[in-house]
Every structure is written in structure tokens, then in C-alpha cells.
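Novice: Here's a structure for you.
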Amino acid sequence: MGFHIVSSPYIHNDNRTNRIMLLVLLAALPGIIAQIYFFGWGTLIQILIASSVALITESFILYLRKYPVYETLKDYSAILTALLLGASIPSLAPWWVISIGTLGAIIIAKHLYGGLGQNPFNPAMIGYVMLLISFPIQMTNWLPLNNLDHIKPTFIESLDVIFHPNSLDQLITMPQFQPKIDGFSQATPLDNFKTNRHFLPIQKQIATQSIHKNRISINLESGWINISFLFGGLFLLITRTIYWHIPLGFIGSLTLFSTLGHLYDPEMLLPPMIHLFSGATMLGAFFIATDPVTASTTNYGRLIYAILIGLITWLIRSYGGYPDGIAFAVLLANICVPLLDYYTKPHTFGYSQRK
């Protein structure tokens, strides 16, 4: 009887790059729809602008590098980067803000290191941090998360504001926007609490009132957005598109540190429910930190990597200068990935360990 000799790999599955990217894009739809509902059509416009810039930039760089343009674009990685970045910035930010961030994500964070699979840092978070540091005013002008039905601009009005930022002054003078005339520059609940804590450190009762007041809006609006991304993340876990170690480690560590902090100083440190269901917690846990290229490749390494992200996120939210530190936490954890992979790699059978 003859034997058919084949080379490895011996186990095959359908987890190709384009399939994984498509599943992630599909899982993100509930969260994106929730953002559009609460923040208006501007979120969709930002994603469309980012996608257009990403595809054009990626095509041009692939052409210069003599790579097959169409075949490479079909991995959908550029679209996913654009979606994550577009969902992370204010819905009415000027068009050039998202364009600059997308250029930075595709050129600097991705192709400067050799392209998909060789980038050590998450491209979307590189673009976001670059924008946050360079344009802090434009990156903090969020629509308010309460009574949005009174101030949400239409699709055409959102287009006008994004492509003609000066039209914002005319828009907020319209009668239907008068009840919330300051809404277009309102900070998020995390921003409000951070401001109260830094500027009123002695009057702790004011900060305590801020916590209780913001808890309502977080649970009702920002909470729904995070829950929508949570449902999408569960879909990714069920389909085994992502590993469970990173979401569990991130959410678990953020819950642990925020609980301990709130027990230690309940007047100045936010409780765990606000940390879990505000900001970009669920988006970061299931869609950003789980990037297979920039995350650790071992099971123990993924857990340590995720715990590190949760700890840094809590530290920045509690003591740092930025209200939401997920982007910084992910990038700092990316730096540690080679070290984590080296010290957590499994034992290779057939070889003795060094003593």
C-alpha cells in the first residue's frame, strides 16, 4: 500500500484574510447603526470619507510598490481601518481631519513597515492618536448624548457642516437648534467628569454629583452604543473570528481596577459600570485590541496583553489628561508584544528547555 506524502499545514480552514475582515465589518454594523442613531448622519459620512481616502491611498502605494492592486484591496483591511477610525472621531469633524488621520493610518502605520501583517502598531489607533494630539479642538467636539432629537442635523446639513465648517455657526442659529445651541461643542460624560475633577478637586461633592448625573446618560445612550458593539463582539467570538482571551482580559481587568479604585475613593474615581459602558470600551475590547497582526500570538501573551490594556485605560481615564485612553493603551501594549511573545511562547516538543 502506497502512502501519499504531503507537506504541512495538515489542518485547513476557511479563515482567509478577506473572510475575517468581512466578518469583523459585519459584526461592527450594530454599533455603527447605534452611533448613527445617536450622533446623526455625520458618523456615516466620516466613515465614507475615510473609506474613500483609504482605498485611493492604498491603491497608489500598492502601485508604487508594484503589488497587484485589485487583489490586495480585496483583503478589506483598508476598509476596516477606515471604519474603525471613522467611528472614533466626532461625527461633525471637518473632512480634512478624517482625511489626515486616514493618510497617517495607511501610509505611516501600515505601509511604512511593509504593509499588512508587518505593522507593529494598530493603524487606526495611530491615526486617531495623531489627530487627537494635532487637532484637540476638532477631536473633542461631540454632539451631546441627551435630547438628541432636538439637535441632530439632517444628512444634507451634516454634509454642509463637515465640508464647510463655517456653516456650523449658521446651523446652530436655526430655531430648531436653539434649545441646545452649545450642543455641537459639548464634551462626552467622561470629558465632563475629568474637567470637574481637575478644576474642582477640593469640592468633592460637586464631582460626586457629576458622577451620578452622568451615569444616567451613559446608561441610556452611550451604554446602548457599547451594548451594540458587545453584541457584534459576541458574534465574532461565536464564529471564532477572534480569540476570547483579549476581550475577557481587557474587560475583566478594567472591571477589577475600576472597582478597586471606586472602593478606595468613590468620590473621585468612576465606578466600573461607567467605565464598561462609556467611551469606546466595547469597540476597543472586541474590534481594536483583537487585531491579529499587532496583538500577542500566544494564549498567555494575549491575556497579559489585554490586562495591560485594561490597566492603562483605567489609569489614563482616572489620572491622565485624556478622558478615554484606549487608543494610547493599545499602542503602548503593542510595544510590549514582542517581549510577551518571547517569554510566553509554548514549549516546542522534541527539544529540551534550557536550564
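Each chain in the C-alpha cells gets a letter, A, B and so on, in the order shown; residues start at 1 in every chain, and ligands are counted from 1 in the order they appear.
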Would you kindly return, as number ranges by chain, each protein, DNA or RNA residue with an atom no farther than 9 Å from any atom of Leu22 (chain A), considering only C-alpha atoms and excluding same-chain residues fewer than 5 positions away?

Specialist: A: 17, 27, 75-76, 80

Novice: Suppose we keep N, CA and C atoms; can you now write the selection as a compact mmCIF listing (two decimals), in the first residue's frame?

Specialist:
# COMPACT_ATOMS: atom_id res chain seq x y z
N THR A 17 -7.86 35.95 5.01
CA THR A 17 -7.82 37.33 5.48
C THR A 17 -9.08 38.09 5.11
N ALA A 27 -19.81 42.43 11.94
CA ALA A 27 -20.06 42.49 13.38
C ALA A 27 -20.10 43.92 13.88
N ASP A 75 -8.60 42.26 0.37
CA ASP A 75 -8.49 41.76 1.75
C ASP A 75 -9.29 42.62 2.72
N TYR A 76 -9.80 43.78 2.26
CA TYR A 76 -10.70 44.66 3.03
C TYR A 76 -10.05 45.25 4.28
N LEU A 80 -11.59 48.26 6.79
CA LEU A 80 -11.76 48.08 8.24
C LEU A 80 -11.04 49.17 9.02

Novice: If we count only C-alpha atoms and set the cut-off at 9 Å, which residues sit around Gly223 (chain A), ignoring sequence neighbours fewer than 6 positions away in its own chain? Please answer as an NGL selection string.

Specialist: :A and (217 or 274 or 276-279)

Novice: Keeping only N, CA and C atoms, write those residues as a short mmCIF file (atom, residue, chain, number, x, y, z; two decimals), in the first residue's frame.

Specialist:
data_model
loop_
_atom_site.label_atom_id
_atom_site.label_comp_id
_atom_site.auth_asym_id
_atom_site.auth_seq_id
_atom_site.Cartn_x
_atom_site.Cartn_y
_atom_site.Cartn_z
N SER A 217 -27.01 59.36 31.60
CA SER A 217 -26.79 59.48 30.16
C SER A 217 -25.93 58.34 29.63
N ILE A 274 -19.70 52.59 34.65
CA ILE A 274 -19.47 53.74 33.77
C ILE A 274 -18.27 53.47 32.87
N LEU A 276 -17.29 50.55 31.82
CA LEU A 276 -17.60 49.50 30.85
C LEU A 276 -18.52 49.98 29.74
N PHE A 277 -19.44 50.89 30.06
CA PHE A 277 -20.45 51.28 29.08
C PHE A 277 -20.37 52.75 28.71
N SER A 278 -19.16 53.27 28.66
CA SER A 278 -18.95 54.63 28.17
C SER A 278 -17.69 54.63 27.32
N GLY A 279 -17.52 55.69 26.55
CA GLY A 279 -16.35 55.76 25.69
C GLY A 279 -16.34 54.66 24.65
#

Novice: Determine, counting only C-alpha atoms, which protein, DNA and RNA residues have an atom within 9 Å of an atom of Ala329 (chain A); residues of the same chain fewer than 6 positions away are not included. Present the result as a list in words.

Specialist: Leu308, Ile309, Gly310, Leu311, Ile312, Thr313 and Ile316 of chain A

Novice: Generate a file of the selected residues that holds C-alpha atoms, formatted as a PDB file, in the first residue's frame.

Specialist:
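Everything below was put into out13.pdb:
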ATOM      1  CA  LEU A 308      -2.169  45.633  30.327  1.00  0.00           C
ATOM      2  CA  ILE A 309      -4.607  47.485  28.039  1.00  0.00           C
ATOM      3  CA  GLY A 310      -7.295  47.450  30.735  1.00  0.00           C
ATOM      4  CA  LEU A 311      -4.890  48.762  33.366  1.00  0.00           C
ATOM      5  CA  ILE A 312      -3.524  51.580  31.181  1.00  0.00           C
ATOM      6  CA  THR A 313      -7.036  52.550  30.065  1.00  0.00           C
ATOM      7  CA  ILE A 316      -5.481  57.321  31.825  1.00  0.00           C
TER       8      ILE A 316
END

Novice: Take CA of His111 (chain A) and CA of Ala333 (chain A) and report the distance between them in Å, one decimal.

Specialist: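 Value for the CA of His111 (chain A)-CA of Ala333 (chain A) distance: 20.5 Å.
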
Novice: I'd like to know which of A:Ser318, A:Thr57, A:Asn119, A:Ser91 is closest to Ser158 (chain A), using only C-alpha atoms.

Specialist: A:Ser91

Novice: Do a neighbour search on Gly261 (chain A) at 10 Å with only C-alpha atoms, toss out local chain neighbours closer than 4 positions, and write the hits as a list in words.

Specialist: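 Residues meeting the cut-off are Thr255, Leu256, Phe257, Asp265, Pro266, Met268, Leu269, Leu270, Pro271, Pro272, Trp314, Leu315 and Ser318 of chain A.
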
Novice: Just want the 7 Å neighbourhood of Val330 (chain A), counted on only C-alpha atoms, with same-chain residues fewer than 4 positions away dropped. Output as number ranges by chain.

Specialist: A: 289, 309, 326, 334

Novice: Quick check, in Å to one decimal: how far apart do CA of Leu48 (chain A) and CA of Gly233 (chain A) lie?

Specialist: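 Atom-to-atom, CA of Leu48 (chain A) to CA of Gly233 (chain A), that is 22.4 Å.
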
Novice: Residues at most 12 Å from Pro247 (chain A), counting only C-alpha atoms, excluding those fewer than 2 positions away in the same chain, as a compact mmCIF listing (two decimals) with C-alpha atoms, in the first residue's frame?

Specialist:
# COMPACT_ATOMS: atom_id res chain seq x y z
CA PHE A 229 -20.64 46.66 19.85
CA LEU A 230 -20.83 43.99 22.57
CA GLY A 233 -18.17 41.13 19.59
CA LEU A 234 -20.11 38.10 20.77
CA LEU A 236 -17.03 37.34 16.48
CA LEU A 237 -16.46 35.00 19.42
CA ILE A 242 -11.24 36.45 17.41
CA TYR A 243 -9.74 34.82 20.50
CA TRP A 244 -11.63 35.12 23.78
CA HIS A 245 -8.51 35.89 25.79
CA GLY A 249 -8.72 40.05 29.85
CA PHE A 250 -9.44 43.65 28.88
CA ILE A 251 -12.99 43.82 30.27
CA GLY A 252 -12.05 41.82 33.36
CA SER A 253 -9.02 43.94 34.22
CA LEU A 254 -10.87 47.21 33.58
CA THR A 255 -13.68 46.00 35.85
CA LEU A 276 -17.60 49.50 30.85
CA THR A 281 -14.78 50.27 25.79
CA MET A 282 -16.58 47.55 23.82
CA LEU A 283 -15.28 48.81 20.49
CA GLY A 284 -11.77 48.58 21.88
CA ALA A 285 -12.28 45.20 23.55
CA PHE A 286 -13.66 43.34 20.53
CA PHE A 287 -12.59 45.29 17.43
CA ILE A 288 -9.36 47.18 18.18
CA ALA A 289 -7.35 45.26 20.75
CA THR A 290 -8.04 41.95 18.95
CA ASP A 291 -6.17 42.96 15.79
CA ALA A 295 -1.71 41.59 19.32
CA ARG A 302 -2.93 37.60 24.87
CA LEU A 303 -4.16 37.59 28.45
CA ILE A 304 -1.24 39.69 29.70
CA TYR A 305 -1.59 41.99 26.68
CA ALA A 306 -5.31 42.51 27.39
CA ILE A 307 -4.80 43.04 31.12
CA LEU A 308 -2.17 45.63 30.33
CA ILE A 309 -4.61 47.48 28.04
CA GLY A 310 -7.30 47.45 30.74

Novice: I need the residue nearest Gly325 (chain A) from this list: A:Tyr343, A:Phe235, A:Tyr128, A:Trp142. Use only C-alpha atoms for the distance.

Specialist: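 Looking only at the distances to Gly325 (chain A), the closest residue turns out to be A:Tyr128.
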
Novice: Between CA of Leu64 (chain A) and CA of Ala78 (chain A), measure the distance and give it in Å to one decimal.

Specialist: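 So the two atoms, CA of Leu64 (chain A) and CA of Ala78 (chain A), lie 16.7 Å apart.
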
Novice: Pick the closest to Tyr70 (chain A) from A:Leu340, A:Leu55, A:Leu84, A:Val293: which is it, counting only C-alpha atoms?

Specialist: A:Leu55

Novice: For Ile33 (chain A), which of A:Leu132, A:Leu112, A:Leu263, A:Ile47 is the closest residue, counting only C-alpha atoms?

Specialist: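 Under the stated criterion, the closest residue is A:Ile47.
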